[in-house]
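K.L.:
You'll find work07.cif just under this line, and it carries mmCIF, C-alpha atoms (C1' of nucleotides).
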data_final
#
loop_
_atom_site.label_atom_id
_atom_site.label_comp_id
_atom_site.auth_asym_id
_atom_site.auth_seq_id
_atom_site.Cartn_x
_atom_site.Cartn_y
_atom_site.Cartn_z
CA MET A 9 101.42 112.90 108.53
CA ALA A 10 100.14 112.09 105.10
CA GLY A 11 96.82 113.84 105.50
CA PRO A 12 93.46 112.16 105.32
CA THR A 13 93.38 108.70 103.82
CA ASN A 14 89.65 108.74 103.18
CA THR A 15 89.20 109.51 99.51
CA GLN A 16 85.47 108.87 99.28
CA PHE A 17 84.61 112.52 98.84
CA ALA A 18 86.97 112.84 95.89
CA VAL A 19 85.61 109.64 94.40
CA ALA A 20 82.04 110.84 94.91
CA VAL A 21 82.72 114.16 93.20
CA HIS A 22 84.44 112.34 90.38
CA LEU A 23 81.48 110.03 89.94
CA MET A 24 78.94 112.84 90.05
CA THR A 25 80.87 114.69 87.37
CA LEU A 26 81.01 111.68 85.11
CA LEU A 27 77.33 110.90 85.56
CA SER A 28 76.26 114.48 84.96
CA ALA A 29 78.02 114.41 81.59
CA ALA A 30 76.39 111.18 80.44
CA ASP A 31 73.05 110.66 78.70
CA ALA A 32 72.53 106.95 79.27
CA PRO A 33 72.96 105.16 82.61
CA LEU A 34 76.54 104.20 83.41
CA ALA A 35 77.48 100.87 84.98
CA SER A 36 79.72 100.58 87.99
CA PRO A 37 82.46 98.62 86.14
CA ALA A 38 82.77 101.40 83.55
CA LEU A 39 82.83 104.07 86.26
CA ALA A 40 85.41 102.13 88.21
CA GLY A 41 87.71 102.17 85.22
CA SER A 42 87.65 105.94 85.01
CA VAL A 43 87.89 106.62 88.70
CA GLY A 44 90.70 104.12 89.15
CA THR A 45 89.09 101.77 91.62
CA ASN A 46 86.87 98.68 91.64
CA PRO A 47 83.11 98.31 91.00
CA VAL A 48 82.27 97.34 94.56
CA HIS A 49 83.81 100.47 95.97
CA VAL A 50 81.98 102.53 93.36
CA ARG A 51 78.68 100.97 94.35
CA ARG A 52 79.36 101.64 98.01
CA VAL A 53 80.03 105.32 97.43
CA LEU A 54 77.12 105.69 95.02
CA GLY A 55 74.92 103.97 97.58
CA ARG A 56 75.50 106.86 99.97
CA LEU A 57 74.78 109.36 97.24
CA ARG A 58 71.54 107.53 96.46
CA GLU A 59 70.48 107.72 100.10
CA ALA A 60 70.96 111.48 99.81
CA GLY A 61 68.83 111.56 96.67
CA LEU A 62 71.64 112.67 94.39
CA VAL A 63 71.61 109.65 92.07
CA THR A 64 69.37 106.76 91.10
CA SER A 65 70.25 103.20 90.23
CA ARG A 66 68.59 100.43 88.29
CA PRO A 67 69.65 96.79 88.18
CA GLY A 68 69.46 94.60 85.13
CA VAL A 69 71.22 94.20 81.85
CA ALA A 70 70.71 97.82 80.79
CA GLY A 71 71.01 99.14 84.31
CA GLY A 72 73.41 101.61 85.81
CA TRP A 73 73.48 104.96 87.56
CA GLN A 74 72.07 108.38 86.70
CA VAL A 75 72.04 111.77 88.36
CA ALA A 76 68.79 112.73 90.06
CA VAL A 77 69.51 116.44 90.51
CA ASP A 78 70.45 119.44 88.42
CA PRO A 79 74.28 119.54 88.35
CA ALA A 80 74.24 123.31 87.96
CA ALA A 81 72.13 123.72 91.09
CA THR A 82 73.82 121.18 93.33
CA GLY A 83 76.71 122.32 95.49
CA LEU A 84 79.52 120.09 96.59
CA ASP A 85 78.38 120.49 100.18
CA ARG A 86 75.57 118.05 99.43
CA VAL A 87 78.14 115.53 98.25
CA TRP A 88 80.15 116.08 101.42
CA ARG A 89 77.12 115.55 103.61
CA ALA A 90 76.15 112.44 101.69
CA VAL A 91 79.59 110.94 102.23
CA HIS A 92 80.71 112.21 105.62
CA GLY A 93 77.46 113.17 107.29
CA ASP A 94 78.19 115.40 110.26
CA GLU A 95 81.35 113.64 111.33
CA PRO A 96 84.05 115.78 112.90
CA VAL A 97 86.49 117.35 110.48
CA LEU A 98 89.04 118.16 113.16
CA GLY A 99 90.40 115.27 115.15
CA VAL A 100 88.98 114.74 118.61
CA HIS A 101 90.74 113.06 121.48
CA ASP A 102 89.56 111.75 124.80
CA ALA A 103 90.81 113.92 127.66
CA HIS A 104 91.44 112.51 131.08
CA PRO A 105 88.07 112.12 132.82
CA ASP A 106 89.38 113.46 136.13
CA CYS A 107 90.89 116.59 134.61
CA ALA A 108 88.34 119.38 134.71
CA ALA A 109 90.42 121.53 132.41
CA GLY A 110 90.63 118.73 129.88
CA GLN A 111 86.87 118.23 129.89
CA ARG A 112 86.29 121.95 129.40
CA ILE A 113 88.75 122.20 126.55
CA GLN A 114 87.34 119.16 124.86
CA ALA A 115 83.85 120.62 124.95
CA ASP A 116 85.17 123.80 123.37
CA LEU A 117 86.92 121.79 120.70
CA VAL A 118 83.71 120.00 119.79
CA ALA A 119 81.93 123.33 119.45
CA LEU A 120 84.80 124.64 117.36
CA ASP A 121 84.58 121.58 115.15
CA ARG A 122 80.92 122.26 114.44
CA ASP A 123 81.80 125.79 113.47
CA VAL A 124 84.63 124.70 111.20
CA LEU A 125 82.36 122.15 109.56
CA ALA A 126 79.86 124.90 108.80
CA ALA A 127 82.59 127.04 107.26
CA LEU A 128 83.79 124.11 105.19
CA GLU A 129 80.33 123.33 103.86
CA GLU A 130 79.73 126.98 103.13
CA ARG A 131 82.81 127.01 100.96
CA LEU A 132 81.87 123.75 99.24
CA ALA A 133 78.40 125.09 98.51
CA ALA A 134 80.00 127.82 96.40
CA THR A 135 81.07 125.21 93.84
CA THR A 136 78.56 123.13 91.90
CA ILE A 137 79.00 119.84 90.15
CA ALA A 138 78.51 121.59 86.83
CA ASP A 139 81.44 123.88 87.68
CA LEU A 140 83.73 120.89 87.66
CA GLY A 141 82.11 119.17 84.71
CA ALA A 142 82.48 122.13 82.39
CA ARG A 143 85.94 123.50 81.84
CA VAL A 144 85.33 126.77 83.63
CA PRO A 145 88.06 129.25 84.60
CA PRO A 146 89.74 128.41 87.87
CA LEU A 147 88.06 129.33 91.09
CA VAL A 148 88.44 132.94 92.09
CA LEU A 149 90.62 133.04 95.19
CA PRO A 150 92.42 136.38 95.11
CA SER A 151 92.90 137.01 98.83
CA MET B 27 83.36 106.14 108.80
CA ALA B 28 84.46 107.21 112.23
CA GLY B 29 85.96 110.49 111.13
CA PRO B 30 89.60 111.45 111.35
CA THR B 31 91.76 109.41 113.65
CA ASN B 32 94.50 111.99 113.87
CA THR B 33 94.02 113.79 117.16
CA GLN B 34 97.26 115.75 117.21
CA PHE B 35 95.53 119.08 116.62
CA ALA B 36 93.25 118.54 119.58
CA VAL B 37 96.19 117.47 121.72
CA ALA B 38 98.20 120.49 120.59
CA VAL B 39 95.42 122.91 121.44
CA HIS B 40 94.98 121.20 124.76
CA LEU B 41 98.68 121.53 125.53
CA MET B 42 98.86 125.15 124.47
CA THR B 43 95.94 125.99 126.73
CA LEU B 44 97.52 124.28 129.71
CA LEU B 45 100.88 125.93 129.14
CA SER B 46 99.39 129.38 128.70
CA ALA B 47 97.73 129.06 132.11
CA ALA B 48 100.93 128.04 133.90
CA ASP B 49 103.63 130.22 135.40
CA ALA B 50 106.46 127.72 135.75
CA PRO B 51 107.60 125.28 133.04
CA LEU B 52 105.53 122.11 132.85
CA ALA B 53 107.09 118.68 132.28
CA SER B 54 105.80 116.25 129.67
CA PRO B 55 104.79 113.58 132.21
CA ALA B 56 102.54 116.06 134.01
CA LEU B 57 101.06 117.26 130.73
CA ALA B 58 100.49 113.71 129.59
CA GLY B 59 98.43 113.03 132.69
CA SER B 60 96.07 115.87 131.90
CA VAL B 61 95.79 115.26 128.19
CA GLY B 62 95.28 111.55 128.63
CA THR B 63 98.25 110.21 126.71
CA ASN B 64 101.90 109.35 127.34
CA PRO B 65 104.91 111.67 127.72
CA VAL B 66 106.53 110.60 124.47
CA HIS B 67 103.51 111.56 122.43
CA VAL B 68 103.35 114.89 124.23
CA ARG B 69 106.98 115.59 123.41
CA ARG B 70 106.41 114.72 119.77
CA VAL B 71 103.49 117.11 119.41
CA LEU B 72 105.25 119.85 121.37
CA GLY B 73 108.27 119.36 119.14
CA ARG B 74 106.21 120.50 116.15
CA LEU B 75 104.92 123.47 118.09
CA ARG B 76 108.49 124.38 119.01
CA GLU B 77 109.51 124.26 115.34
CA ALA B 78 106.74 126.77 114.70
CA GLY B 79 108.02 128.98 117.52
CA LEU B 80 104.95 128.58 119.68
CA VAL B 81 106.68 126.99 122.68
CA THR B 82 110.14 126.57 124.14
CA SER B 83 111.64 123.63 125.97
CA ARG B 84 114.50 123.15 128.37
CA PRO B 85 115.96 119.86 129.55
CA GLY B 86 117.21 119.17 133.02
CA VAL B 87 115.83 118.67 136.45
CA ALA B 88 113.85 121.92 136.47
CA GLY B 89 113.08 121.75 132.76
CA GLY B 90 109.80 121.63 130.93
CA TRP B 91 107.79 123.56 128.37
CA GLN B 92 106.63 127.16 128.20
CA VAL B 93 104.64 129.22 125.74
CA ALA B 94 106.69 131.56 123.55
CA VAL B 95 103.83 133.68 122.24
CA ASP B 96 101.01 135.81 123.56
CA PRO B 97 98.02 133.48 123.99
CA ALA B 98 95.61 136.35 123.40
CA ALA B 99 97.25 137.19 120.06
CA THR B 100 97.76 133.68 118.72
CA GLY B 101 95.01 132.13 116.65
CA LEU B 102 94.39 128.42 116.41
CA ASP B 103 95.34 128.55 112.75
CA ARG B 104 98.98 128.74 113.82
CA VAL B 105 98.51 125.56 115.82
CA TRP B 106 96.90 123.89 112.83
CA ARG B 107 99.77 124.87 110.55
CA ALA B 108 102.31 123.70 113.09
CA VAL B 109 100.70 120.29 113.27
CA HIS B 110 99.34 119.67 109.78
CA GLY B 111 101.37 122.06 107.64
CA ASP B 112 99.67 122.47 104.29
CA GLU B 113 98.47 118.91 103.97
CA PRO B 114 95.18 118.38 102.17
CA VAL B 115 92.08 118.57 104.36
CA LEU B 116 89.85 116.86 101.81
CA GLY B 117 90.84 113.39 100.73
CA VAL B 118 92.58 113.04 97.40
CA HIS B 119 92.56 109.97 95.21
CA ASP B 120 94.62 108.95 92.22
CA ALA B 121 92.55 109.04 89.04
CA HIS B 122 93.29 106.73 86.16
CA PRO B 123 96.27 108.18 84.26
CA ASP B 124 94.68 107.49 80.88
CA CYS B 125 91.42 109.20 81.73
CA ALA B 126 91.62 112.83 80.64
CA ALA B 127 88.43 113.74 82.47
CA GLY B 128 89.78 112.15 85.61
CA GLN B 129 93.00 114.12 85.46
CA ARG B 130 91.14 117.39 84.97
CA ILE B 131 88.72 116.69 87.80
CA GLN B 132 91.57 115.78 90.09
CA ALA B 133 93.34 119.04 89.34
CA ASP B 134 90.15 120.92 90.16
CA LEU B 135 89.84 118.99 93.40
CA VAL B 136 93.36 119.96 94.43
CA ALA B 137 92.56 123.63 93.78
CA LEU B 138 89.35 123.25 95.74
CA ASP B 139 91.26 121.71 98.61
CA ARG B 140 93.56 124.72 98.82
CA ASP B 141 90.56 126.98 98.96
CA VAL B 142 88.87 124.93 101.64
CA LEU B 143 92.08 124.91 103.67
CA ALA B 144 92.17 128.70 103.49
CA ALA B 145 88.58 128.89 104.70
CA LEU B 146 89.35 126.51 107.52
CA GLU B 147 92.36 128.47 108.68
CA GLU B 148 90.42 131.69 108.45
CA ARG B 149 87.84 130.25 110.80
CA LEU B 150 90.50 128.92 113.19
CA ALA B 151 92.21 132.30 113.25
CA ALA B 152 89.05 133.79 114.73
CA THR B 153 89.67 131.86 117.94
CA THR B 154 92.75 132.45 120.08
CA ILE B 155 94.38 130.23 122.64
CA ALA B 156 93.37 132.69 125.34
CA ASP B 157 89.73 132.26 124.30
CA LEU B 158 89.91 128.63 125.30
CA GLY B 159 92.11 129.14 128.34
CA ALA B 160 90.00 131.88 129.88
CA ARG B 161 87.55 129.53 131.51
CA VAL B 162 90.04 126.84 132.38
CA PRO B 163 90.82 126.25 136.06
CA PRO B 164 94.42 125.76 137.15
CA LEU B 165 96.07 122.48 136.31
CA VAL B 166 95.90 119.82 138.97
CA LEU B 167 99.15 117.98 138.84
CA PRO B 168 98.82 114.21 139.20
CA SER B 169 101.14 112.73 141.76
"C1'" DC C 11 127.73 112.87 140.98
"C1'" DG C 12 123.00 111.76 140.56
"C1'" DA C 13 118.26 112.79 139.67
"C1'" DT C 14 115.20 114.64 136.33
"C1'" DC C 15 113.70 115.69 131.89
"C1'" DC C 16 114.24 116.36 126.90
"C1'" DG C 17 115.17 114.12 122.22
"C1'" DT C 18 114.78 110.39 119.27
"C1'" DA C 19 114.72 105.85 117.46
"C1'" DC C 20 112.37 101.55 117.56
"C1'" DT C 21 108.59 98.18 118.08
"C1'" DC C 22 103.76 96.81 118.97
"C1'" DG C 23 98.68 96.62 118.62
"C1'" DA C 24 94.48 98.81 116.97
"C1'" DA C 25 91.76 100.94 113.54
"C1'" DG C 26 90.53 102.82 108.98
"C1'" DC C 27 90.50 102.13 104.20
"C1'" DG C 28 90.39 100.14 99.79
"C1'" DA C 29 90.77 95.72 97.02
"C1'" DT C 30 88.82 91.45 96.02
"C1'" DG C 31 85.80 87.50 95.76
"C1'" DA C 32 81.35 85.51 96.35
"C1'" DC C 33 76.35 84.99 96.19
"C1'" DG C 34 71.57 86.32 95.56
"C1'" DG C 35 68.15 89.46 93.40
"C1'" DT C 36 66.62 92.11 89.34
"C1'" DT C 37 66.04 93.45 84.61
"C1'" DA C 38 66.29 93.49 79.43
"C1'" DG C 39 66.76 90.88 75.42
"C1'" DA C 40 67.30 86.52 72.67
"C1'" DT D 6 61.69 81.00 79.26
"C1'" DC D 7 66.26 81.39 79.67
"C1'" DT D 8 70.50 83.86 79.82
"C1'" DA D 9 73.61 87.61 80.39
"C1'" DA D 10 74.62 91.85 82.71
"C1'" DC D 11 74.28 94.59 86.65
"C1'" DC D 12 73.02 95.95 91.32
"C1'" DG D 13 73.24 95.02 96.53
"C1'" DT D 14 75.61 93.21 100.20
"C1'" DC D 15 78.50 90.48 102.97
"C1'" DA D 16 83.06 88.65 104.35
"C1'" DT D 17 87.88 88.78 104.06
"C1'" DC D 18 92.67 90.35 103.12
"C1'" DG D 19 96.64 93.53 102.91
"C1'" DC D 20 98.29 98.09 103.51
"C1'" DT D 21 98.85 102.26 105.98
"C1'" DT D 22 98.35 105.43 109.75
"C1'" DC D 23 98.19 106.43 114.46
"C1'" DG D 24 99.08 106.29 119.19
"C1'" DA D 25 101.13 103.52 123.08
"C1'" DG D 26 105.05 101.86 125.04
"C1'" DT D 27 110.16 100.94 125.73
"C1'" DA D 28 114.78 102.21 125.55
"C1'" DC D 29 118.90 104.93 125.58
"C1'" DG D 30 121.73 109.06 125.09
"C1'" DG D 31 122.30 114.13 126.04
"C1'" DA D 32 121.48 118.18 128.90
"C1'" DT D 33 120.69 120.66 133.17
"C1'" DC D 34 120.59 121.72 138.10
"C1'" DG D 35 120.99 120.55 143.07
#
Using structure tokens, write down the structure from this file.
P.N.:
Amino acid sequence: MAGPTNTQFAVAVHLMTLLSAADAPLASPALAGSVGTNPVHVRRVLGRLREAGLVTSRPGVAGGWQVAVDPAATGLDRVWRAVHGDEPVLGVHDAHPDCAAGQRIQADLVALDRDVLAALEERLAATTIADLGARVPPLVLPS
Amino acid sequence: MAGPTNTQFAVAVHLMTLLSAADAPLASPALAGSVGTNPVHVRRVLGRLREAGLVTSRPGVAGGWQVAVDPAATGLDRVWRAVHGDEPVLGVHDAHPDCAAGQRIQADLVALDRDVLAALEERLAATTIADLGARVPPLVLPS
DNA sequence: CGATCCGTACTCGAAGCGATGACGGTTAGA
DNA sequence: TCTAACCGTCATCGCTTCGAGTACGGATCG
């Protein structure tokens, strides 16, 4: 029970923050050094972000990656969608096909998962990339 | 990218729904048949629920499992806590120790994760076990 | 006393994930 | 034009998690 092992969202947020603070394009080897991984993995994650229109890339000797959006107007929900799409956030299991109760419950769980995903993205949308890049006061979470 | 592989929450909800609709104690082999897994896995998941006080168990020839709470007053957030505790829901990665920006971003991500977890539990609390069990027909025990 | 079931430890196979190497395409600069 | 640097992608490897399955002891009731 060590929680999720997929760290691509954290890596993606890390990369977006680094890129939004840079003027010139950054190369994947340099980014990999800061994130603590390897260039190939960085390119894979950034590839998803590019598909979502969040970053642009250019090959060549002076190539690298740049942000394509306004960091202050881009919520983390867009990063989540770019990385995870609409995959389930809760785990889903396959109930016994012959058990009517199991089928019913599973359908309800899928619907619940959609709802939880919406709540998760709503919360992520409240934080922008610029919020993490600048040293802002910690998130307000009084309740 | 096939989403989370941990299905214990779904199994736990499934089990709680079945137990809340039963009068007599149910044995793990019977439950396993409905959930679509094996008795050992059922006992492991139910063990966590028992630690959280959601169910009770009794060994012996007429033993089995029973709910220990009111299904109509028990939100799914309690099931989530029983299974996952306060583990991170977003993935976390280890930033490079020498990168100050990385350390700061990681700290912000941990804080964000706590907030997202709170939002997730708040959503789960809006659904009770009875909400799922209301439309569930009686369990058909496999021979 | 024996049948049934819980409790737990152990092993096994499958799948996800990240690391790594390799190779071709593309671009800027010498 | 030629070379170096970087992107894009594929294949592979090792690690970890997860669930399935087996086994054995303890507890309970007929």
K.L.:
List the residues selected by the PyMOL selection byres ((chain C and resi 15-23) around 10) in the file shown, writing them as a ChimeraX atom specification.
P.N.:
/B:53-55,66,69-70,73,83-91 /C:13-14,24-25 /D:24-33
K.L.:
Do you know which residues are at most 8 Å from Asp134 in chain B counting all atoms listed in the file, after dropping those on the same chain fewer than 3 positions away, and could you put them as a PyMOL selection string?
P.N.:
(chain A and resi 140+146) or (chain B and resi 130-131+137-138)
K.L.:
Mind checking which residues fall within 12 Å of DC18 in chain D, counting all atoms listed in the file, ignoring those fewer than 4 positions away in the same chain, and posting them as a list in words?
P.N.:
DG28, DA29, DT30 and DG31 of chain C
K.L.:
Over all C-alpha atoms, paired in order, superpose chain B onto chain A by least squares and report how large the RMSD is in Å.
P.N.:
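Once chain B is overlaid on chain A, the RMSD is 6.6 Å.
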K.L.:
Can you measure CA of Asp121 in chain A to CA of Val97 in chain A for me? One decimal in Å is fine.
P.N.:
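Separating CA of Asp121 in chain A from CA of Val97 in chain A is a distance of 6.6 Å.
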K.L.:
Find the residues in chain A near chain B: any atom within 9 Å counts, using all atoms listed in the file. Write them as a tab-separated table (two decimals) with C-alpha atoms, keeping the file's coordinate frame.
P.N.:
chain	number	residue	atom	x	y	z
A	9	MET	CA	101.42	112.90	108.53
A	10	ALA	CA	100.14	112.09	105.10
A	11	GLY	CA	96.82	113.84	105.50
A	12	PRO	CA	93.46	112.16	105.32
A	13	THR	CA	93.38	108.70	103.82
A	14	ASN	CA	89.65	108.74	103.18
A	15	THR	CA	89.20	109.51	99.51
A	16	GLN	CA	85.47	108.87	99.28
A	17	PHE	CA	84.61	112.52	98.84
A	18	ALA	CA	86.97	112.84	95.89
A	19	VAL	CA	85.61	109.64	94.40
A	21	VAL	CA	82.72	114.16	93.20
A	22	HIS	CA	84.44	112.34	90.38
A	25	THR	CA	80.87	114.69	87.37
A	26	LEU	CA	81.01	111.68	85.11
A	41	GLY	CA	87.71	102.17	85.22
A	42	SER	CA	87.65	105.94	85.01
A	43	VAL	CA	87.89	106.62	88.70
A	44	GLY	CA	90.70	104.12	89.15
A	45	THR	CA	89.09	101.77	91.62
A	91	VAL	CA	79.59	110.94	102.23
A	92	HIS	CA	80.71	112.21	105.62
A	95	GLU	CA	81.35	113.64	111.33
A	96	PRO	CA	84.05	115.78	112.90
A	97	VAL	CA	86.49	117.35	110.48
A	98	LEU	CA	89.04	118.16	113.16
A	99	GLY	CA	90.40	115.27	115.15
A	100	VAL	CA	88.98	114.74	118.61
A	101	HIS	CA	90.74	113.06	121.48
A	102	ASP	CA	89.56	111.75	124.80
A	103	ALA	CA	90.81	113.92	127.66
A	104	HIS	CA	91.44	112.51	131.08
A	105	PRO	CA	88.07	112.12	132.82
A	106	ASP	CA	89.38	113.46	136.13
A	107	CYS	CA	90.89	116.59	134.61
A	108	ALA	CA	88.34	119.38	134.71
A	109	ALA	CA	90.42	121.53	132.41
A	110	GLY	CA	90.63	118.73	129.88
A	112	ARG	CA	86.29	121.95	129.40
A	113	ILE	CA	88.75	122.20	126.55
A	114	GLN	CA	87.34	119.16	124.86
A	116	ASP	CA	85.17	123.80	123.37
A	117	LEU	CA	86.92	121.79	120.70
A	120	LEU	CA	84.80	124.64	117.36
A	123	ASP	CA	81.80	125.79	113.47
A	124	VAL	CA	84.63	124.70	111.20
A	125	LEU	CA	82.36	122.15	109.56
A	127	ALA	CA	82.59	127.04	107.26
A	128	LEU	CA	83.79	124.11	105.19
A	129	GLU	CA	80.33	123.33	103.86
A	131	ARG	CA	82.81	127.01	100.96
A	132	LEU	CA	81.87	123.75	99.24
A	135	THR	CA	81.07	125.21	93.84
A	140	LEU	CA	83.73	120.89	87.66
A	141	GLY	CA	82.11	119.17	84.71
A	143	ARG	CA	85.94	123.50	81.84
A	146	PRO	CA	89.74	128.41	87.87
A	147	LEU	CA	88.06	129.33	91.09
A	149	LEU	CA	90.62	133.04	95.19
K.L.:
When the PyMOL selection byres ((chain D) within 12 of (chain A)) is applied to the file above, which residues end up in the set, as a PyMOL selection string?
P.N.:
chain D and resi 8-15+20-24
K.L.:
Should the cut-off be 10 Å, what would the residue list for chain C against chain A look like, counting all atoms listed in the file, as number ranges by chain?
P.N.:
C: 26-30, 35-39
